[in-house]
Amino acid sequence: MIYKVIIIGTGPSGVAAAFGFAEQGIQPLILDVGKVAQDVTPLNENIYDYRKKNDAFNIMIGKNYEMLDHVINKRSPSPKISSPYMQFVMEDAGSLSPITETGSHVIQSFAKGGLASAWGAGLYRFLDDELINVPVSAAELDPYYDKLTKEIGISGDTDDLTPFFGSTENLLRPLRLSGKSEKLYLKYQRTRRKLNASGIFIGRPRLGVLSQAYDNRISYNYHNLEMWFPNLPYIYTPAFTLEKLIRENKVVYRKSILAESWFRENGHLTVKARNLEDGLQVTFKCKKLVLAAGTINSAKIALKSKNDYRTKLPLLDNSLLQVPLITPSFIGDKLEKDSFGLTNLNILFDWHEYNLRLQGSIIELTSPARALFYEMFPLSARSNLTLIKYLLPSVSILFLYFPGSSNNSGYITLRSDNTLEVESFPCEISKKIIQKVAYTLLNMGAFTHPMLIRPPAHSIHYAGSMPMVENPRQNYHCNKYGELYGEPGIHVVDGSLLSYVPSKNHSFTLMANAMRIADYISRTIEK
Amino acid sequence: MYSFNNDAEKIYFTLFNKSIPEEVYHRFQAVSKKIDNNYPHDKVVQYYELIGKTDDLEALELAARYLRKQPLLTEKFKLMVYLAEIMPDNYDVFINENPKRFIGYIKIIFTIMRTVFKLGKGLIIILFYKL
Ligand SMILES: Cc1cc2nc3c(=O)[nH]c(=O)nc-3n(C[C@H](O)[C@H](O)[C@H](O)COP(=O)(O)OP(=O)(O)OC[C@H]3O[C@@H](n4cnc5c(N)ncnc54)[C@H](O)[C@@H]3O)c2cc1C
């Protein structure tokens with residue numbers, strides 16, 4: 001059988017492409033490794049209320065001590081991916097796609113839903129001045145952003161960030177703010193004119209988290225489970241849309257398939273893959289192949305298909321600065337057990353004098369284990385426990401993203417033994433900027449100090465390996481429709497296409513762009 | 001030499017001033033060996049000797065952390081905090097459920113002073129044992 005379209009991957013970009021094809025009446029075959037979470041029912045009470053009565057070993061440490069992997073093996077992926085029931089997100093990644101890495105730790109997912117199975121669901125539109133070096137405008141993406149907004153159920157508000165975040169149509173009302181965030185927001189509102197004049201704006205985030213029941217899913221219940229339980233109905237993951245498409249027979253889904261490369265025969269494309277259930281080689285034929293295996297693995301499939309063990313493809317990411325914020329009036333206060341444990345507010349520093357726009361997420365620290373902070377506090381062991389109890393309720397954290405571009409990219413190369421070599425270092429961040437950020441926040445009543453800020457890390461917003469350019473003239477460059485140069489019918493739709501990642505979570509844009517490309521392919525196939 | 005099993009008891013007591021529950025003890029043992037395996041044998045032996053000899057583990061751990069000596073000790077403390085936090089018995093150690101603003105400030109000031117004292121004491125212990 002020759003499929004019209006095969007999609008590799010079910011992360012945000014693969015699922016959005018499938019959604020786009022389904023809208024156009026094309027039933028794609030989706031190939032995916034498709035790791036899934038173990039069957040676990042989320043608590044129906046607040047995690048802290050549960051902990052008061054129960055030993056939380058299975059949830060917070062794990063039967064195989066999964067949560068302690070960073071203590072045992074000194075690896076430190078995001079705490080959310082380390083939590084026991086979230087292990088499926090990175091399950092077997094090291095053996096399915098071995099990597100030797102220099103610099104930052106690289107994270108790959110072979111899960112149904114991809115990395116987004118553990119994401120913070122921050123979903124942001126890019127503006128024209130953020131779509132740098134790509135032959136696509138915000139207006140071209142807008143119809144797809146709109147459709148996805150309806151599909152996902154995004155909460156947000158009309159506020160000072162609307163000019164940076166775009167249309168508010170169909171947004172659900174925002175989630176409830178934590179006490180600290182509310183205080184900061186009030187302080188901002190009182191002095192906003194002055195702050196806006198110096199390029200500082202605060203507002204509500206755009207989140208794929210339901211503030212009200214939507215599309216047969218319940219609303220967020222402030223139980224603080226987001227760190228510990230997968231597939232919570234109120235936090236959107238692409239797997240939800242995928243399930244729906246499978247149920248409605250709009251896609252054919254094959255899991256346990258590891259795609260390796262493609263080749264051409266008799267005018268069609270053939271995907272060479274491994275069936276992970278029996279270890280045997282399998283092939284699938286199609287007219288169009290859509291690569292949505294994530295920036296790193298789509299690049300790997302392309303390099304392998306060309307037997308190219310030399311080329312260094314770029315790997316971009318946002319460097320991430322984690323800035324702790326102490327709100328002194330909350331010292332000694334009770335822990336807000338029922339606050340939303342992810343992004344409460346966004347802050348934007350639009351600094352023309354530095355030619356820099358930085359977006360940050362102000363995050364509550366109620367979700368992770370308190371022990372995580374024990375490691376970070378500098379006092380003696382028992383004194384650190386005192387800080388956890390009395391200081392931590394006053395602390396939130398600002399995740400500040402820095403743009404990623406070819407100036408600060410890493411690279412990916414495929415070795416002949418099929419391992420990937422990945423080199424990536426977060427960019428240096430000027431002390432002046434750090435001081436300015438700290439000073440601004442201090443003025444708003446949130447105490448921080450450059451000394452409390454840890455060195456920059458990466459944010460797992462990978463991009464740029466096969467960029468989309470106006471007129472592709474070299475291998476691994478794609479045209480406006482993600483079609484690889486010299487490879488008719490091969491379309492890339494994931495983060496690989498962006499040769500610049502602004503200071504913004506990029507998955508919503510990957511999704512809108514994937515839908516746009518699916519639309520284009522559907523039209524050309526029908527011809 | 002101090003018993004290889006008893007670092008769990010001593011660290012738990014240092015942190016929480018009470019004896020270690022059985023579950024925590026067994027869980028600590030299960031992971032502890034794996035952490036030991038990350039270190040050269042002589043460092044592991046030194047660690048267990050120190051546990052046996054030192055009365056004020058908190059002071060020793062703090063000074064060792066600052067001087068980047070005996071990271072194994074710091075890791076064992078970290079491990080114990082993770083394992084202890086999930087027990088309902090320790091809920092109140094980690095979570096403040098009643099606003100105690102004034103007390104909170106006082107406790108933090110006191111705890112910083114305590115750390116300074118412990119650091120001094122820890123440095124002396126390190127000098128004494130020529131770590
Ligand atoms: C903790 C965390 C929080 C995050 N928070 C946010 C956020 O708030 N907002 C945001 O925009 N982004 C966030 N991200 C980033 C976001 O999750 C990723 O950018 C996004 O998932 C990338 O989507 P993708 O479709 O390109 O690839 P992935 O999500 O990586 O999915 C890849 C898919 O391809 C499949 N696959 C890979 N290789 C093969 C192969 N060879 N054969 C078959 N199938 C294959 C995998 O099974 C998987 O389904 C977060 C990430 C993490 C880890």
# chains A, B, ... in the order shown; residues from 1 in each chain; ligands from 1
$ interface_residues --of "chain A" --to "chain B" --cutoff "10 Å" --atoms "only C-alpha atoms" --output "VMD selection string"
chain A and resid 48 to 61 64 to 65 67 to 69 71 to 74 328 to 337 369 to 372 374 to 375 378 to 393
$ residues_near_ligand --ligand "ligand 1" --cutoff "6 Å" --atoms "only C-alpha atoms and all ligand atoms" --output "JSON, numbers by chain"
{"A": [8, 9, 10, 11, 12, 13, 14, 31, 32, 33, 34, 78, 80, 108, 109, 110, 111, 112, 113, 114, 115, 116, 118, 119, 120, 121, 122, 123, 257, 258, 259, 260, 292, 293, 294, 295, 297, 460, 461, 494, 495, 505, 506, 507, 508]}
$ atom_distance --atom1 "CA of Thr413 in chain A" --atom2 "CA of Gly94 in chain A"
16.2 Å
$ atom_distance --atom1 "CA of Val323 in chain A" --atom2 "CA of Val395 in chain A"
10.2 Å
$ select_by_dssp --residues "chain B" --states "alpha helix (DSSP H)" --output "PyMOL selection string"
chain B and resi 7-16+22-36+41-53+57-66+71-85+91-94+101-128
$ residues_around --residues "His491 in chain A" --least-positions-apart "5" --cutoff "9 Å" --atoms "only C-alpha atoms" --output "PDB file with C-alpha atoms, in the first residue's frame"
ATOM      1  CA  LYS A 288       4.895  12.561   0.915  1.00  0.00           C
ATOM      2  CA  LEU A 289       6.922  12.088   4.047  1.00  0.00           C
ATOM      3  CA  VAL A 290       6.519  14.499   6.960  1.00  0.00           C
ATOM      4  CA  LEU A 291       9.395  14.611   9.445  1.00  0.00           C
ATOM      5  CA  ALA A 292       8.148  15.526  12.930  1.00  0.00           C
ATOM      6  CA  CYS A 478      14.027  23.731   3.455  1.00  0.00           C
ATOM      7  CA  TYR A 481       6.754  24.540   2.964  1.00  0.00           C
ATOM      8  CA  GLY A 482       9.391  22.631   4.852  1.00  0.00           C
ATOM      9  CA  GLU A 483      10.430  20.715   1.729  1.00  0.00           C
ATOM     10  CA  LEU A 484      14.068  19.684   1.919  1.00  0.00           C
ATOM     11  CA  ILE A 517       2.556  22.935   5.789  1.00  0.00           C
ATOM     12  CA  ILE A 521       0.795  19.394   1.071  1.00  0.00           C
TER      13      ILE A 521
END
$ select_by_dssp --residues "range 206-405 of chain A" --states "strand (DSSP E or B)" --output "MDAnalysis selection string"
chainID A and resid 207 209 214 217 235 252:254 257:265 268:275 281:291 313:316 319:326 343:351 356:364 395:402 404:405
$ residues_around --residues "range 223-229 of chain A" --least-positions-apart "5" --cutoff "10 Å" --atoms "only C-alpha atoms" --output "short mmCIF file (atom, residue, chain, number, x, y, z; two decimals) with N, CA, C and O atoms, in the first residue's frame"
data_model
loop_
_atom_site.label_atom_id
_atom_site.label_comp_id
_atom_site.auth_asym_id
_atom_site.auth_seq_id
_atom_site.Cartn_x
_atom_site.Cartn_y
_atom_site.Cartn_z
N ALA A 37 2.64 6.28 29.37
CA ALA A 37 2.75 6.25 30.83
C ALA A 37 2.15 4.96 31.36
O ALA A 37 1.25 4.40 30.74
N VAL A 40 -1.92 4.79 35.67
CA VAL A 40 -1.98 5.28 37.04
C VAL A 40 -3.09 6.33 37.14
O VAL A 40 -3.21 7.19 36.27
N THR A 41 -3.89 6.18 38.17
CA THR A 41 -5.00 7.13 38.35
C THR A 41 -4.50 8.29 39.20
O THR A 41 -3.98 8.07 40.30
N PRO A 42 -4.66 9.51 38.72
CA PRO A 42 -4.21 10.65 39.53
C PRO A 42 -4.99 10.73 40.84
O PRO A 42 -6.13 10.26 40.91
N LEU A 43 -4.38 11.28 41.84
CA LEU A 43 -5.08 11.47 43.12
C LEU A 43 -6.30 12.34 42.89
O LEU A 43 -6.28 13.20 42.00
N ASN A 44 -7.33 12.15 43.70
CA ASN A 44 -8.40 13.15 43.59
C ASN A 44 -8.43 14.06 44.82
O ASN A 44 -9.48 14.46 45.30
N GLU A 45 -7.25 14.34 45.30
CA GLU A 45 -7.11 15.34 46.37
C GLU A 45 -5.77 16.04 46.17
O GLU A 45 -4.94 15.60 45.37
N ASN A 46 -5.58 17.11 46.91
CA ASN A 46 -4.34 17.86 46.81
C ASN A 46 -3.17 16.99 47.26
O ASN A 46 -3.30 16.25 48.24
N ILE A 47 -2.05 17.10 46.54
CA ILE A 47 -0.90 16.24 46.86
C ILE A 47 -0.46 16.44 48.31
O ILE A 47 -0.06 15.48 48.98
N TYR A 48 -0.58 17.65 48.81
CA TYR A 48 -0.12 17.90 50.19
C TYR A 48 -1.07 17.25 51.21
O TYR A 48 -0.62 16.74 52.23
N ASP A 49 -2.37 17.27 50.92
CA ASP A 49 -3.31 16.62 51.83
C ASP A 49 -3.04 15.11 51.84
O ASP A 49 -3.10 14.47 52.89
N ILE A 59 4.75 7.84 44.45
CA ILE A 59 4.51 9.03 43.62
C ILE A 59 5.77 9.89 43.53
O ILE A 59 6.13 10.36 42.45
N MET A 60 6.46 10.07 44.65
CA MET A 60 7.51 11.10 44.67
C MET A 60 8.94 10.55 44.59
O MET A 60 9.86 11.32 44.30
N PRO A 79 13.22 18.46 36.75
CA PRO A 79 12.63 17.63 37.80
C PRO A 79 11.34 16.97 37.35
O PRO A 79 11.02 15.86 37.75
N LYS A 80 10.60 17.65 36.47
CA LYS A 80 9.32 17.08 36.05
C LYS A 80 9.54 15.77 35.29
O LYS A 80 8.79 14.80 35.47
N ILE A 81 10.55 15.73 34.44
CA ILE A 81 10.78 14.50 33.66
C ILE A 81 11.35 13.41 34.55
O ILE A 81 11.26 12.23 34.23
N SER A 82 11.97 13.79 35.67
CA SER A 82 12.54 12.77 36.55
C SER A 82 11.49 12.11 37.42
O SER A 82 11.75 11.09 38.03
N SER A 83 10.32 12.71 37.54
CA SER A 83 9.38 12.18 38.51
C SER A 83 8.89 10.80 38.04
O SER A 83 8.79 10.54 36.85
N PRO A 84 8.63 9.91 38.99
CA PRO A 84 8.45 8.49 38.66
C PRO A 84 7.44 8.19 37.55
O PRO A 84 7.74 7.44 36.63
N TYR A 85 6.25 8.78 37.63
CA TYR A 85 5.24 8.45 36.62
C TYR A 85 5.49 9.17 35.29
O TYR A 85 4.76 8.96 34.32
N MET A 86 6.45 10.07 35.25
CA MET A 86 6.76 10.79 34.01
C MET A 86 7.93 10.16 33.26
O MET A 86 8.37 10.67 32.24
N ALA A 118 5.35 16.24 29.05
CA ALA A 118 5.80 16.76 30.36
C ALA A 118 5.91 18.28 30.35
O ALA A 118 6.52 18.85 31.23
N TRP A 119 5.34 18.91 29.35
CA TRP A 119 5.61 20.34 29.21
C TRP A 119 4.86 21.21 30.20
O TRP A 119 4.01 20.74 30.94
N GLY A 120 5.21 22.51 30.18
CA GLY A 120 4.52 23.46 31.03
C GLY A 120 3.33 24.07 30.32
O GLY A 120 2.64 24.92 30.88
N TYR A 234 -6.75 18.33 32.40
CA TYR A 234 -6.83 19.79 32.27
C TYR A 234 -5.54 20.41 31.71
O TYR A 234 -5.49 21.60 31.46
N ILE A 235 -4.48 19.62 31.55
CA ILE A 235 -3.27 20.16 30.91
C ILE A 235 -3.16 19.51 29.54
O ILE A 235 -2.98 18.29 29.44
N LYS A 337 -0.65 25.71 49.20
CA LYS A 337 -0.74 24.36 48.64
C LYS A 337 -1.67 24.30 47.44
O LYS A 337 -1.57 23.41 46.63
N ASP A 338 -2.60 25.25 47.36
CA ASP A 338 -3.57 25.18 46.27
C ASP A 338 -3.35 26.29 45.25
O ASP A 338 -4.29 26.86 44.70
N SER A 339 -2.07 26.61 45.00
CA SER A 339 -1.83 27.55 43.91
C SER A 339 -1.42 26.75 42.67
O SER A 339 -1.03 25.59 42.78
N PHE A 340 -1.51 27.37 41.52
CA PHE A 340 -1.14 26.69 40.28
C PHE A 340 0.39 26.59 40.24
O PHE A 340 1.08 27.61 40.30
N GLY A 341 0.90 25.39 40.13
CA GLY A 341 2.33 25.17 40.31
C GLY A 341 3.19 25.44 39.08
O GLY A 341 4.37 25.08 39.08
N LEU A 342 2.65 26.05 38.03
CA LEU A 342 3.51 26.38 36.87
C LEU A 342 3.48 27.90 36.68
O LEU A 342 3.48 28.63 37.65
N THR A 366 5.39 25.36 44.23
CA THR A 366 4.65 24.43 45.08
C THR A 366 4.72 22.99 44.58
O THR A 366 4.53 22.07 45.35
N SER A 367 4.99 22.81 43.28
CA SER A 367 4.93 21.45 42.73
C SER A 367 6.08 20.54 43.12
O SER A 367 5.86 19.41 43.53
N PRO A 368 7.33 20.96 42.99
CA PRO A 368 8.41 20.00 43.22
C PRO A 368 8.54 19.57 44.68
O PRO A 368 8.00 20.23 45.58
N ALA A 369 9.27 18.48 44.88
CA ALA A 369 9.58 18.04 46.24
C ALA A 369 10.37 19.16 46.92
O ALA A 369 11.18 19.84 46.28
#
